[in-house]
>>> print(open('structure-v1.csv').read())   # CSV, C-alpha atoms
chain,number,residue,atom,x,y,z
A,51,MET,CA,5.9,0.4,19.6
A,52,ALA,CA,5.2,2.0,23.0
A,53,GLU,CA,3.2,-0.3,25.2
A,54,GLN,CA,1.4,2.3,27.3
A,55,PRO,CA,-0.3,4.2,24.4
A,56,ALA,CA,-1.4,0.8,23.0
A,57,LYS,CA,-2.9,-0.1,26.3
A,58,ASP,CA,-4.7,3.2,26.5
A,59,LEU,CA,-6.0,2.7,22.9
A,60,GLU,CA,-7.4,-0.7,23.8
A,61,ALA,CA,-9.1,0.7,26.9
A,62,ARG,CA,-10.7,3.5,24.8
A,63,LEU,CA,-11.9,1.0,22.2
A,64,LYS,CA,-13.5,-1.2,24.8
A,65,ARG,CA,-15.3,1.8,26.4
A,66,ARG,CA,-16.5,2.8,22.9
A,67,ILE,CA,-17.9,-0.6,22.2
A,68,ALA,CA,-19.4,-0.9,25.6
A,69,LEU,CA,-21.3,2.3,25.0
A,70,GLU,CA,-22.1,2.1,21.3
A,71,GLY,CA,-22.1,-1.6,20.5
A,72,PRO,CA,-19.8,-3.6,18.2
A,73,ILE,CA,-17.9,-1.6,15.5
A,74,THR,CA,-17.0,-2.5,11.9
A,75,LEU,CA,-13.6,-4.0,11.2
A,76,ALA,CA,-12.9,-1.0,9.1
A,77,ASP,CA,-13.4,1.4,12.1
A,78,TYR,CA,-11.3,-0.9,14.2
A,79,MET,CA,-8.4,-0.9,11.7
A,80,THR,CA,-8.5,2.9,11.3
A,81,ALA,CA,-8.2,3.4,15.1
A,82,VAL,CA,-5.5,0.7,15.5
A,83,LEU,CA,-3.3,2.1,12.7
A,84,THR,CA,-3.9,5.9,12.9
A,85,ASP,CA,-5.3,6.9,16.2
A,86,PRO,CA,-3.4,10.1,17.3
A,87,LYS,CA,-2.7,8.6,20.7
A,88,GLY,CA,-1.7,4.9,20.3
A,89,GLY,CA,-2.1,4.2,16.6
A,90,TYR,CA,0.5,1.8,15.3
A,91,TYR,CA,1.9,4.2,12.7
A,92,MET,CA,1.9,7.3,14.9
A,93,GLU,CA,4.9,6.4,17.0
A,94,GLY,CA,8.2,4.6,16.5
A,95,ASP,CA,9.7,2.9,13.5
A,96,PRO,CA,8.1,-0.4,12.4
A,97,PHE,CA,10.4,-1.1,9.5
A,98,GLY,CA,13.6,-3.2,9.2
A,99,ARG,CA,15.0,-6.1,11.2
A,100,ALA,CA,14.6,-4.3,14.5
A,101,GLY,CA,11.0,-3.5,13.7
A,102,ASP,CA,8.0,-5.6,12.7
A,103,PHE,CA,8.5,-6.1,8.9
A,104,VAL,CA,10.8,-5.4,6.0
A,105,THR,CA,9.5,-3.8,2.8
A,106,ALA,CA,11.1,-4.1,-0.7
A,107,PRO,CA,13.0,-0.8,-0.6
A,108,GLU,CA,14.7,-2.0,2.7
A,109,VAL,CA,15.7,-5.3,1.0
A,110,SER,CA,17.9,-3.6,-1.6
A,111,GLN,CA,18.6,-0.4,-3.4
A,112,MET,CA,17.9,-2.2,-6.6
A,113,PHE,CA,14.1,-2.0,-6.0
A,114,GLY,CA,14.2,1.8,-5.8
A,115,GLU,CA,16.6,2.1,-8.7
A,116,MET,CA,14.2,0.2,-10.9
A,117,ILE,CA,11.3,2.4,-9.9
A,118,GLY,CA,13.5,5.5,-10.5
A,119,LEU,CA,14.2,4.3,-14.1
A,120,TRP,CA,10.5,3.6,-14.6
A,121,CYS,CA,9.7,7.2,-13.5
A,122,ILE,CA,12.2,8.6,-16.0
A,123,ASP,CA,10.8,6.5,-18.9
A,124,LEU,CA,7.3,7.5,-18.0
A,125,TRP,CA,8.2,11.2,-17.8
A,126,GLN,CA,10.2,11.2,-21.0
A,127,ARG,CA,8.4,8.8,-23.4
A,128,VAL,CA,4.8,8.8,-22.1
A,129,LEU,CA,4.3,12.3,-20.7
A,130,GLY,CA,6.6,14.1,-23.2
A,131,ALA,CA,9.2,15.5,-20.8
A,132,PRO,CA,7.1,18.3,-19.2
A,133,GLY,CA,9.2,21.0,-17.5
A,134,ARG,CA,7.5,20.3,-14.1
A,135,VAL,CA,6.1,17.1,-12.7
A,136,ILE,CA,4.8,16.2,-9.3
A,137,LEU,CA,6.7,13.1,-8.1
A,138,ALA,CA,4.6,11.9,-5.1
A,139,GLU,CA,4.9,8.8,-2.8
A,140,LEU,CA,2.0,7.6,-0.7
A,141,GLY,CA,3.0,6.1,2.6
A,142,PRO,CA,6.8,6.6,2.1
A,143,GLY,CA,7.9,4.7,5.2
A,144,ARG,CA,11.5,5.8,6.2
A,145,GLY,CA,12.0,7.6,2.9
A,146,THR,CA,14.2,4.8,1.6
A,147,LEU,CA,12.4,4.3,-1.7
A,148,MET,CA,12.2,8.0,-2.6
A,149,ALA,CA,15.9,8.4,-1.7
A,150,ASP,CA,16.8,5.6,-4.1
A,151,ILE,CA,14.5,7.0,-6.8
A,152,LEU,CA,16.1,10.4,-6.6
A,153,ARG,CA,19.6,8.9,-6.7
A,154,SER,CA,18.8,6.9,-9.8
A,155,ALA,CA,17.2,10.1,-11.3
A,156,LYS,CA,20.6,11.6,-11.6
A,157,VAL,CA,21.1,9.7,-14.9
A,158,SER,CA,18.6,12.1,-16.3
A,159,PRO,CA,19.4,15.6,-15.1
A,160,GLU,CA,16.4,17.0,-17.0
A,161,PHE,CA,14.0,14.7,-15.1
A,162,ALA,CA,15.7,15.5,-11.8
A,163,ALA,CA,15.3,19.2,-12.4
A,164,ALA,CA,11.6,18.8,-13.4
A,165,ALA,CA,10.6,16.5,-10.5
A,166,GLU,CA,9.0,18.2,-7.5
A,167,VAL,CA,8.9,15.8,-4.6
A,168,HIS,CA,5.8,15.4,-2.4
A,169,LEU,CA,5.2,12.8,0.3
A,170,VAL,CA,1.8,11.8,1.7
A,171,GLU,CA,2.3,10.7,5.3
A,172,VAL,CA,0.0,10.7,8.4
A,173,SER,CA,2.7,9.6,10.9
A,174,PRO,CA,4.7,12.4,12.7
A,175,ALA,CA,7.3,9.8,13.7
A,176,LEU,CA,7.8,8.5,10.1
A,177,LYS,CA,7.8,12.1,8.8
A,178,GLU,CA,10.9,12.8,10.9
A,179,LYS,CA,12.6,9.6,9.5
A,180,GLN,CA,11.8,10.8,6.0
A,181,ARG,CA,13.2,14.2,6.8
A,182,GLU,CA,16.5,12.7,7.9
A,183,LYS,CA,16.7,10.3,5.0
A,184,LEU,CA,16.0,13.0,2.4
A,185,SER,CA,18.1,15.7,4.0
A,186,GLY,CA,19.3,18.1,1.4
A,187,GLN,CA,16.3,17.5,-0.8
A,188,LYS,CA,13.4,19.9,-1.2
A,189,VAL,CA,10.3,17.9,0.0
A,190,ILE,CA,6.7,18.9,0.6
A,191,TRP,CA,4.6,16.8,2.9
A,192,HIS,CA,0.8,16.3,2.9
A,193,LYS,CA,-1.5,14.4,5.3
A,194,ASP,CA,-3.5,13.0,2.4
A,195,GLY,CA,-3.5,12.9,-1.4
A,196,ALA,CA,-6.0,15.7,-1.8
A,197,GLY,CA,-3.3,18.1,-0.9
A,198,LEU,CA,-1.1,17.3,-3.9
A,199,PRO,CA,-0.8,20.2,-6.4
A,200,GLU,CA,-3.1,20.2,-9.4
A,201,SER,CA,-0.8,22.4,-11.6
A,202,ALA,CA,1.4,19.7,-13.2
A,203,PRO,CA,1.2,16.1,-14.3
A,204,LEU,CA,1.5,13.5,-11.5
A,205,ILE,CA,3.9,10.5,-11.1
A,206,VAL,CA,2.6,8.7,-8.0
A,207,ILE,CA,4.3,5.8,-6.3
A,208,ALA,CA,2.4,3.6,-3.8
A,209,ASN,CA,4.5,0.7,-2.5
A,210,GLU,CA,2.7,-1.2,0.3
A,211,PHE,CA,0.3,1.6,0.9
A,212,PHE,CA,-3.1,0.2,-0.1
A,213,ASP,CA,-2.7,-3.0,2.0
A,214,ALA,CA,-3.0,-0.9,5.2
A,215,LEU,CA,-6.3,0.6,4.2
A,216,PRO,CA,-9.2,-0.7,6.3
A,217,VAL,CA,-11.3,-3.7,5.1
A,218,ARG,CA,-14.7,-5.0,6.0
A,219,HIS,CA,-15.8,-8.7,6.3
A,220,PHE,CA,-19.1,-10.1,5.3
A,221,GLU,CA,-20.1,-13.8,6.0
A,222,LYS,CA,-22.8,-15.7,4.0
A,223,THR,CA,-25.2,-17.3,6.4
A,224,ALA,CA,-28.5,-19.2,5.9
A,225,GLN,CA,-30.3,-15.9,6.5
A,226,GLY,CA,-28.1,-13.8,4.2
A,227,TRP,CA,-24.9,-11.8,4.4
A,228,ARG,CA,-23.9,-10.6,7.9
A,229,GLU,CA,-21.1,-8.3,8.7
A,230,ARG,CA,-18.3,-9.4,11.0
A,231,LEU,CA,-17.9,-6.8,13.7
A,232,VAL,CA,-15.5,-6.2,16.6
A,233,GLY,CA,-17.2,-6.4,20.0
A,234,LEU,CA,-16.6,-7.6,23.6
A,235,ASP,CA,-16.8,-11.1,25.0
A,236,GLU,CA,-19.2,-12.0,27.8
A,237,THR,CA,-16.8,-10.7,30.5
A,238,ARG,CA,-16.6,-7.4,28.5
A,239,ASP,CA,-12.9,-7.5,29.0
A,240,ARG,CA,-11.6,-9.0,25.7
A,241,LEU,CA,-12.1,-7.9,22.1
A,242,VAL,CA,-13.7,-10.6,19.9
A,243,PHE,CA,-15.4,-10.9,16.5
A,244,HIS,CA,-19.2,-10.7,16.5
A,245,GLN,CA,-21.6,-11.6,13.8
A,246,GLY,CA,-23.8,-8.6,13.0
A,247,PRO,CA,-27.4,-8.6,11.8
A,248,VAL,CA,-28.3,-9.5,8.2
A,249,SER,CA,-27.0,-6.6,6.0
A,250,PRO,CA,-29.2,-5.7,3.1
A,251,SER,CA,-26.5,-3.4,1.8
A,252,ALA,CA,-23.8,-6.1,1.7
A,253,LEU,CA,-24.2,-6.8,-2.0
A,254,ALA,CA,-23.3,-3.2,-2.8
A,255,PHE,CA,-19.8,-3.8,-1.4
A,256,ILE,CA,-19.3,-7.4,-2.6
A,257,PRO,CA,-18.1,-8.0,-6.2
A,258,PRO,CA,-20.8,-9.5,-8.4
A,259,ALA,CA,-18.6,-12.5,-9.1
A,260,LEU,CA,-18.9,-13.4,-5.4
A,261,HIS,CA,-22.6,-12.8,-4.9
A,262,GLU,CA,-23.6,-16.5,-5.3
A,263,ALA,CA,-21.6,-17.8,-2.3
A,264,ALA,CA,-21.8,-20.9,-0.3
A,265,GLU,CA,-22.8,-20.7,3.3
A,266,GLY,CA,-19.8,-19.9,5.5
A,267,SER,CA,-18.0,-17.9,2.8
A,268,ILE,CA,-16.2,-14.7,3.8
A,269,ALA,CA,-16.1,-11.7,1.5
A,270,GLU,CA,-13.3,-9.3,2.3
A,271,VAL,CA,-13.9,-5.8,0.8
A,272,SER,CA,-12.3,-2.4,1.1
A,273,PRO,CA,-14.5,0.6,0.3
A,274,ALA,CA,-11.4,2.7,1.3
A,275,VAL,CA,-9.3,1.2,-1.5
A,276,VAL,CA,-12.1,1.8,-4.0
A,277,SER,CA,-12.7,5.4,-2.9
A,278,GLN,CA,-9.0,6.3,-2.8
A,279,THR,CA,-8.3,4.7,-6.1
A,280,ALA,CA,-11.2,6.5,-7.7
A,281,ALA,CA,-10.0,9.8,-6.3
A,282,LEU,CA,-6.5,9.2,-7.6
A,283,ALA,CA,-7.7,8.1,-11.0
A,284,GLU,CA,-9.9,11.2,-11.3
A,285,ARG,CA,-6.8,13.4,-10.6
A,286,LEU,CA,-4.7,11.5,-13.1
A,287,GLU,CA,-7.4,11.9,-15.8
A,288,ALA,CA,-7.8,15.6,-15.1
A,289,GLN,CA,-4.2,16.7,-14.8
A,290,GLY,CA,-2.3,13.9,-16.5
A,291,GLY,CA,0.2,11.4,-15.3
A,292,ALA,CA,0.3,7.9,-13.8
A,293,ALA,CA,0.4,6.0,-10.6
A,294,LEU,CA,2.5,2.8,-9.9
A,295,VAL,CA,1.0,0.6,-7.2
A,296,ILE,CA,3.0,-2.3,-5.9
A,297,ASP,CA,1.5,-4.4,-3.1
A,298,TYR,CA,0.5,-7.9,-2.2
A,299,GLY,CA,-2.9,-9.0,-3.1
A,300,ARG,CA,-5.3,-10.9,-5.4
A,301,ALA,CA,-5.3,-10.9,-9.2
A,302,HIS,CA,-8.8,-12.4,-9.3
A,303,PRO,CA,-11.9,-12.0,-7.1
A,304,ALA,CA,-11.9,-14.7,-4.3
A,305,PHE,CA,-13.4,-15.5,-1.0
A,306,GLY,CA,-11.5,-15.6,2.3
A,307,ALA,CA,-10.2,-13.3,5.0
A,308,THR,CA,-6.6,-12.2,4.5
A,309,LEU,CA,-6.5,-9.7,7.4
A,310,GLN,CA,-3.3,-10.2,9.4
A,311,ALA,CA,-1.4,-8.7,12.2
A,312,VAL,CA,2.4,-8.7,12.3
A,313,ARG,CA,4.6,-7.9,15.3
A,314,GLY,CA,8.3,-8.6,15.5
A,315,HIS,CA,8.2,-10.4,12.1
A,316,GLU,CA,5.7,-12.9,13.5
A,317,ARG,CA,2.0,-13.4,13.1
A,318,HIS,CA,-0.1,-11.7,15.9
A,319,ASP,CA,-3.7,-11.9,17.0
A,320,PRO,CA,-5.3,-8.8,15.3
A,321,LEU,CA,-7.6,-8.2,18.3
A,322,GLU,CA,-4.8,-8.5,20.9
A,323,ALA,CA,-3.1,-5.3,22.2
A,324,PRO,CA,-4.4,-3.1,19.4
A,325,GLY,CA,-1.9,-0.5,18.3
A,326,SER,CA,1.1,-2.8,19.1
A,327,ALA,CA,1.1,-4.7,15.8
A,328,ASP,CA,0.6,-3.8,12.1
A,329,LEU,CA,-2.7,-4.7,10.5
A,330,THR,CA,-2.9,-5.3,6.7
A,331,ALA,CA,-5.0,-7.2,4.2
A,332,HIS,CA,-4.4,-8.4,0.6
A,333,VAL,CA,-5.3,-5.7,-2.0
A,334,ASP,CA,-8.2,-6.6,-4.3
A,335,PHE,CA,-6.6,-5.5,-7.6
A,336,PRO,CA,-9.7,-6.3,-9.7
A,337,ALA,CA,-11.7,-3.9,-7.6
A,338,MET,CA,-8.9,-1.3,-7.8
A,339,ILE,CA,-8.8,-1.5,-11.6
A,340,ALA,CA,-12.6,-1.4,-11.9
A,341,ALA,CA,-12.7,1.8,-9.7
A,342,ALA,CA,-10.0,3.5,-11.9
A,343,GLU,CA,-11.6,2.5,-15.2
A,344,GLU,CA,-15.1,3.7,-14.0
A,345,THR,CA,-13.6,7.2,-13.8
A,346,GLY,CA,-12.4,7.0,-17.4
A,347,ALA,CA,-8.7,6.4,-16.5
A,348,ALA,CA,-6.6,3.5,-18.0
A,349,ALA,CA,-5.2,0.6,-16.0
A,350,PHE,CA,-2.5,-1.9,-16.8
A,351,GLY,CA,-1.8,-5.1,-15.0
A,352,PRO,CA,-1.6,-6.7,-12.5
A,353,VAL,CA,1.7,-8.4,-13.2
A,354,THR,CA,3.8,-10.0,-10.5
A,355,GLN,CA,6.5,-8.0,-8.9
A,356,GLY,CA,9.0,-10.5,-10.1
A,357,ASP,CA,8.0,-10.1,-13.8
A,358,PHE,CA,7.8,-6.3,-13.4
A,359,LEU,CA,11.3,-6.0,-12.0
A,360,ARG,CA,12.8,-8.4,-14.5
A,361,ALA,CA,11.3,-6.4,-17.4
A,362,LEU,CA,12.8,-3.3,-16.0
A,363,GLY,CA,16.3,-4.9,-15.9
A,364,ILE,CA,16.9,-5.7,-12.3
A,365,GLU,CA,18.9,-8.9,-13.1
A,366,LEU,CA,21.3,-6.8,-15.2
A,367,ARG,CA,21.6,-4.3,-12.4
A,368,ALA,CA,22.4,-7.1,-10.0
A,369,GLU,CA,25.2,-8.3,-12.2
A,370,ASN,CA,26.6,-4.8,-12.5
A,371,LEU,CA,26.6,-4.4,-8.7
A,372,LYS,CA,28.4,-7.7,-8.2
A,373,ALA,CA,31.0,-6.9,-10.9
A,374,ALA,CA,31.7,-3.5,-9.2
A,375,ASN,CA,32.1,-5.2,-5.8
A,376,PRO,CA,32.7,-8.9,-5.9
A,377,ASP,CA,32.5,-9.1,-2.1
A,378,SER,CA,28.8,-8.2,-2.3
A,379,THR,CA,27.9,-11.2,-4.5
A,380,ALA,CA,26.1,-13.2,-1.8
A,381,VAL,CA,24.3,-10.2,-0.5
A,382,VAL,CA,23.1,-9.1,-3.9
A,383,ASP,CA,22.0,-12.6,-4.9
A,384,GLN,CA,20.0,-12.9,-1.7
A,385,ALA,CA,18.3,-9.6,-2.2
A,386,LEU,CA,17.5,-10.4,-5.8
A,387,TYR,CA,16.0,-13.7,-4.7
A,388,ARG,CA,13.8,-12.0,-2.1
A,389,LEU,CA,12.5,-9.4,-4.6
A,390,ILE,CA,11.8,-11.5,-7.7
A,391,ASP,CA,11.5,-15.2,-6.7
A,392,ALA,CA,8.1,-16.8,-6.6
A,393,GLU,CA,8.9,-18.3,-3.2
A,394,ALA,CA,9.7,-14.9,-1.8
A,395,MET,CA,8.1,-11.6,-2.8
A,396,GLY,CA,8.1,-12.1,-6.5
A,397,GLU,CA,4.7,-13.9,-6.9
A,398,LEU,CA,2.5,-12.6,-4.1
A,399,PHE,CA,3.4,-8.9,-4.7
A,400,LYS,CA,1.9,-7.4,-7.9
A,401,ALA,CA,2.2,-4.2,-9.9
A,402,VAL,CA,-0.6,-2.1,-11.4
A,403,VAL,CA,-0.3,1.2,-13.3
A,404,LEU,CA,-3.2,3.6,-13.3
A,405,MET,CA,-2.9,6.5,-15.8
A,406,GLN,CA,-4.6,9.2,-17.8
A,407,SER,CA,-6.4,7.6,-20.8
A,408,GLY,CA,-5.1,8.1,-24.3
A,409,LEU,CA,-1.4,8.0,-23.5
A,410,GLU,CA,1.2,5.5,-24.6
A,411,ALA,CA,1.5,2.3,-22.6
A,412,PRO,CA,3.9,2.5,-19.7
A,413,ALA,CA,6.8,0.2,-19.1
A,414,PRO,CA,6.7,-2.8,-19.1
A,415,PHE,CA,3.4,-3.0,-20.8
A,416,VAL,CA,4.7,-1.5,-24.1
A,417,LEU,CA,4.0,-4.0,-27.0
>>> encode(input="structure-v1.csv", output="C-alpha cells")
Amino acid sequence: MAEQPAKDLEARLKRRIALEGPITLADYMTAVLTDPKGGYYMEGDPFGRAGDFVTAPEVSQMFGEMIGLWCIDLWQRVLGAPGRVILAELGPGRGTLMADILRSAKVSPEFAAAAEVHLVEVSPALKEKQREKLSGQKVIWHKDGAGLPESAPLIVIANEFFDALPVRHFEKTAQGWRERLVGLDETRDRLVFHQGPVSPSALAFIPPALHEAAEGSIAEVSPAVVSQTAALAERLEAQGGAALVIDYGRAHPAFGATLQAVRGHERHDPLEAPGSADLTAHVDFPAMIAAAEETGAAAFGPVTQGDFLRALGIELRAENLKAANPDSTAVVDQALYRLIDAEAMGELFKAVVLMQSGLEAPAPFVL
C-alpha cells in the first residue's frame, strides 16, 4: 500500500475533524477503505503472502470448486435450470474465486452457458487484477449491487465482503448509551477514540437482546450490513435466486468490539496511518438474517465454514487431488486443514444462504 496517499488521507481526516468535530467510526472506516485518493482498497493488491492477508480462495482451489458445485446444484435443483442466470460476486478480490467457480462449472455445460458473470468492485486496482485473472471470460463490472441486471434470477457469492462494511460502536455508561467517535488528542496531532454525548437513538441500532447491558459494555453494530442485506434480499425476492455469504462473525448477539486492522499479516492500530491497513469487523449474522427475513426472503444458517465445506464434499475432493498428484499430499492436507479445521478458518468463518421464499432448501440445508 502506497505510503504517501495514506499520509495525505490521514492529514485530510485530521483537518476534517478539526473543522467539524469527531466523526463516527463508520465514517472513518468508509474513508480509510474506499477514499478515492488513499483508501486501502483503491490502490495495490492486499491479498496473498506478499500482501496483508490471505482469503480462502487463495488458500486452495478446493474452496472455489466447492462453491462452483454449490452454484450448479442451486441453478439446477432449486431454480429449475433457467436459460439465463446472473452469477455475481461481491468484492471479488483478485478474481481467484470466480475463476475457480467457472472452471468447476465446466462439469455442467448447460450451467456454464446460462451463467452471465457480473462482478461488484469499487477498486480500480483490483478490477485490473480481476480482468487479468478472468482473461477470456465475458465479465461485466459494477460499482455496487444496484447495477446488477433485474432480468434473470440471481446467484450471488459474497466471500469476506460484509466484514469490510463500516461499523459503529456504542458504549453503555451511567448516563446511557454513548457513541464511540474518532477525534483528535489534546495536541490535535493524533487520532484517538472519543466518547460522544448520550445518544437517544442508540437503541434503534442495538439488538433488543443487548438493550439491558452492564455499564462499560460495547455494542458493535453495522447499519451498512443491515441495509445492504435488506436491499439484496428484496432483489432476490423480486427476481428469484439466492446469495451465499461466507465470512467470519457471530452466530449469536454479543457484546464486544471486534474491529481490527491488519497489515503485513499482523495486527495494527486501527487509528494509525489510516489507509495503510485493512479494517474489518465480525459480521453480525443474526442481524443479517433478521434483515433478510423482514423483507420476506428466506434465510438458512449460519453453519460453520468447516461443516459447510464438508457437506459439499471437500474432503473427497482433497483425496482425489492427492491421488492424481501424490507429490501434492502435504500441500493439499495443509490447505484442507486451514479451510475446515476449528483451529483455523473452519469455526470462526460461517456460511449463510439468503434466497427467494418458497423455494426448495439449498445445499447443504436439504433435509
>>> residues_around(input="structure-v1.csv", residues="A:Tyr78", least_positions_apart="5", cutoff="9 Å", atoms="all atoms listed in the file", output="mmCIF file with C-alpha atoms, in the frame of the given file")
data_model
loop_
_atom_site.group_PDB
_atom_site.id
_atom_site.type_symbol
_atom_site.label_atom_id
_atom_site.label_comp_id
_atom_site.auth_asym_id
_atom_site.auth_seq_id
_atom_site.Cartn_x
_atom_site.Cartn_y
_atom_site.Cartn_z
ATOM 1 C CA LEU A 63 -11.900 1.000 22.200
ATOM 2 C CA ILE A 73 -17.900 -1.600 15.500
ATOM 3 C CA LEU A 83 -3.300 2.100 12.700
ATOM 4 C CA PRO A 216 -9.200 -0.700 6.300
ATOM 5 C CA LEU A 231 -17.900 -6.800 13.700
ATOM 6 C CA VAL A 232 -15.500 -6.200 16.600
ATOM 7 C CA PRO A 324 -4.400 -3.100 19.400
#
>>> atom_distance(input="structure-v1.csv", atom1="atom CA of A:Thr379", atom2="atom CA of A:Ile296")
26.5 Å
>>> residues_around(input="structure-v1.csv", residues="stretch 304-312 of chain A", least_positions_apart="4", cutoff="9 Å", atoms="only C-alpha atoms", output="ChimeraX atom specification")
/A:102-103,217,219,259-260,263,267-270,300,316-321,327-332,334
>>> closest_residue(input="structure-v1.csv", among="A:Lys372, A:Gly299, A:Ala361, A:Leu140", to="A:Pro412", atoms="only C-alpha atoms")
A:Ala361
>>> atom_distance(input="structure-v1.csv", atom1="atom CA of A:Ala342", atom2="atom CA of A:Ala254")
17.5 Å
>>> closest_residue(input="structure-v1.csv", among="A:Met338, A:Leu286, A:Val170, A:Val128", to="A:Asp213", atoms="all atoms listed in the file")
A:Met338
>>> closest_residue(input="structure-v1.csv", among="A:Val382, A:Met92, A:Ala81, A:Ile205", to="A:Val172", atoms="all atoms listed in the file")
A:Met92
>>> residues_around(input="structure-v1.csv", residues="A:Ile67", least_positions_apart="5", cutoff="8 Å", atoms="all atoms listed in the file", output="VMD selection string")
chain A and resid 72 to 73 233 to 234
>>> residues_around(input="structure-v1.csv", residues="A:Ala164", least_positions_apart="6", cutoff="6 Å", atoms="all atoms listed in the file", output="PDB file with C-alpha atoms, in the coordinates of the input")
ATOM      1  CA  GLY A 133       9.200  21.000 -17.500  1.00  0.00           C
ATOM      2  CA  ARG A 134       7.500  20.300 -14.100  1.00  0.00           C
ATOM      3  CA  VAL A 135       6.100  17.100 -12.700  1.00  0.00           C
TER       4      VAL A 135
END
>>> closest_residue(input="structure-v1.csv", among="A:Met148, A:Ala323, A:Ala252, A:Ala392", to="A:Val167", atoms="all atoms listed in the file")
A:Met148
>>> residues_around(input="structure-v1.csv", residues="A:Glu178", least_positions_apart="5", cutoff="12 Å", atoms="only C-alpha atoms", output="list of chain:residue names")
A:Met92, A:Glu93, A:Gly94, A:Asp95, A:Pro142, A:Gly143, A:Arg144, A:Gly145, A:Glu171, A:Val172, A:Ser173, A:Lys183, A:Leu184, A:Ser185, A:Trp191
>>> write_last_selection(input="structure-v1.csv", atoms="C-alpha atoms", output="CSV table (one decimal), in the frame of the given file")
chain,number,residue,atom,x,y,z
A,92,MET,CA,1.9,7.3,14.9
A,93,GLU,CA,4.9,6.4,17.0
A,94,GLY,CA,8.2,4.6,16.5
A,95,ASP,CA,9.7,2.9,13.5
A,142,PRO,CA,6.8,6.6,2.1
A,143,GLY,CA,7.9,4.7,5.2
A,144,ARG,CA,11.5,5.8,6.2
A,145,GLY,CA,12.0,7.6,2.9
A,171,GLU,CA,2.3,10.7,5.3
A,172,VAL,CA,0.0,10.7,8.4
A,173,SER,CA,2.7,9.6,10.9
A,183,LYS,CA,16.7,10.3,5.0
A,184,LEU,CA,16.0,13.0,2.4
A,185,SER,CA,18.1,15.7,4.0
A,191,TRP,CA,4.6,16.8,2.9
>>> closest_residue(input="structure-v1.csv", among="A:Gly195, A:Gly356, A:Gly266, A:Gly130", to="A:Phe161", atoms="all atoms listed in the file")
A:Gly130
>>> atom_distance(input="structure-v1.csv", atom1="atom CA of A:Ile256", atom2="atom CA of A:Glu210")
23.0 Å
>>> closest_atom_pairs(input="structure-v1.csv", of="stretch 183-207 of chain A", to="stretch 105-122 of chain A", cutoff="12 Å", atoms="only C-alpha atoms", output="CSV")
residue,atom,partner,partner_atom,distance
A:Leu204,CA,A:Cys121,CA,10.5
A:Ile205,CA,A:Cys121,CA,7.1
A:Val206,CA,A:Cys121,CA,9.1
A:Ile207,CA,A:Ile117,CA,8.6
>>> closest_residue(input="structure-v1.csv", among="A:Thr84, A:Ser201, A:Thr74, A:Thr345", to="A:Arg230", atoms="all atoms listed in the file")
A:Thr74
>>> residues_near_point(input="structure-v1.csv", point="(-24.3, -8.6, 9.9)", cutoff="9 Å", atoms="all atoms listed in the file", output="tab-separated table (two decimals) with C-alpha atoms, in the coordinates of the input")
chain	number	residue	atom	x	y	z
A	220	PHE	CA	-19.10	-10.10	5.30
A	221	GLU	CA	-20.10	-13.80	6.00
A	226	GLY	CA	-28.10	-13.80	4.20
A	227	TRP	CA	-24.90	-11.80	4.40
A	228	ARG	CA	-23.90	-10.60	7.90
A	229	GLU	CA	-21.10	-8.30	8.70
A	230	ARG	CA	-18.30	-9.40	11.00
A	231	LEU	CA	-17.90	-6.80	13.70
A	244	HIS	CA	-19.20	-10.70	16.50
A	245	GLN	CA	-21.60	-11.60	13.80
A	246	GLY	CA	-23.80	-8.60	13.00
A	247	PRO	CA	-27.40	-8.60	11.80
A	248	VAL	CA	-28.30	-9.50	8.20
A	249	SER	CA	-27.00	-6.60	6.00
A	250	PRO	CA	-29.20	-5.70	3.10
A	252	ALA	CA	-23.80	-6.10	1.70
>>> residues_near_point(input="structure-v1.csv", point="(-3.8, 14.4, -2.3)", cutoff="12 Å", atoms="all atoms listed in the file", output="VMD selection string")
chain A and resid 136 138 to 141 168 to 172 190 to 200 204 206 278 to 279 281 to 286
>>> write_last_selection(input="structure-v1.csv", atoms="C-alpha atoms", output="mmCIF file, in the frame of the given file")
data_model
loop_
_atom_site.group_PDB
_atom_site.id
_atom_site.type_symbol
_atom_site.label_atom_id
_atom_site.label_comp_id
_atom_site.auth_asym_id
_atom_site.auth_seq_id
_atom_site.Cartn_x
_atom_site.Cartn_y
_atom_site.Cartn_z
ATOM 1 C CA ILE A 136 4.800 16.200 -9.300
ATOM 2 C CA ALA A 138 4.600 11.900 -5.100
ATOM 3 C CA GLU A 139 4.900 8.800 -2.800
ATOM 4 C CA LEU A 140 2.000 7.600 -0.700
ATOM 5 C CA GLY A 141 3.000 6.100 2.600
ATOM 6 C CA HIS A 168 5.800 15.400 -2.400
ATOM 7 C CA LEU A 169 5.200 12.800 0.300
ATOM 8 C CA VAL A 170 1.800 11.800 1.700
ATOM 9 C CA GLU A 171 2.300 10.700 5.300
ATOM 10 C CA VAL A 172 0.000 10.700 8.400
ATOM 11 C CA ILE A 190 6.700 18.900 0.600
ATOM 12 C CA TRP A 191 4.600 16.800 2.900
ATOM 13 C CA HIS A 192 0.800 16.300 2.900
ATOM 14 C CA LYS A 193 -1.500 14.400 5.300
ATOM 15 C CA ASP A 194 -3.500 13.000 2.400
ATOM 16 C CA GLY A 195 -3.500 12.900 -1.400
ATOM 17 C CA ALA A 196 -6.000 15.700 -1.800
ATOM 18 C CA GLY A 197 -3.300 18.100 -0.900
ATOM 19 C CA LEU A 198 -1.100 17.300 -3.900
ATOM 20 C CA PRO A 199 -0.800 20.200 -6.400
ATOM 21 C CA GLU A 200 -3.100 20.200 -9.400
ATOM 22 C CA LEU A 204 1.500 13.500 -11.500
ATOM 23 C CA VAL A 206 2.600 8.700 -8.000
ATOM 24 C CA GLN A 278 -9.000 6.300 -2.800
ATOM 25 C CA THR A 279 -8.300 4.700 -6.100
ATOM 26 C CA ALA A 281 -10.000 9.800 -6.300
ATOM 27 C CA LEU A 282 -6.500 9.200 -7.600
ATOM 28 C CA ALA A 283 -7.700 8.100 -11.000
ATOM 29 C CA GLU A 284 -9.900 11.200 -11.300
ATOM 30 C CA ARG A 285 -6.800 13.400 -10.600
ATOM 31 C CA LEU A 286 -4.700 11.500 -13.100
#
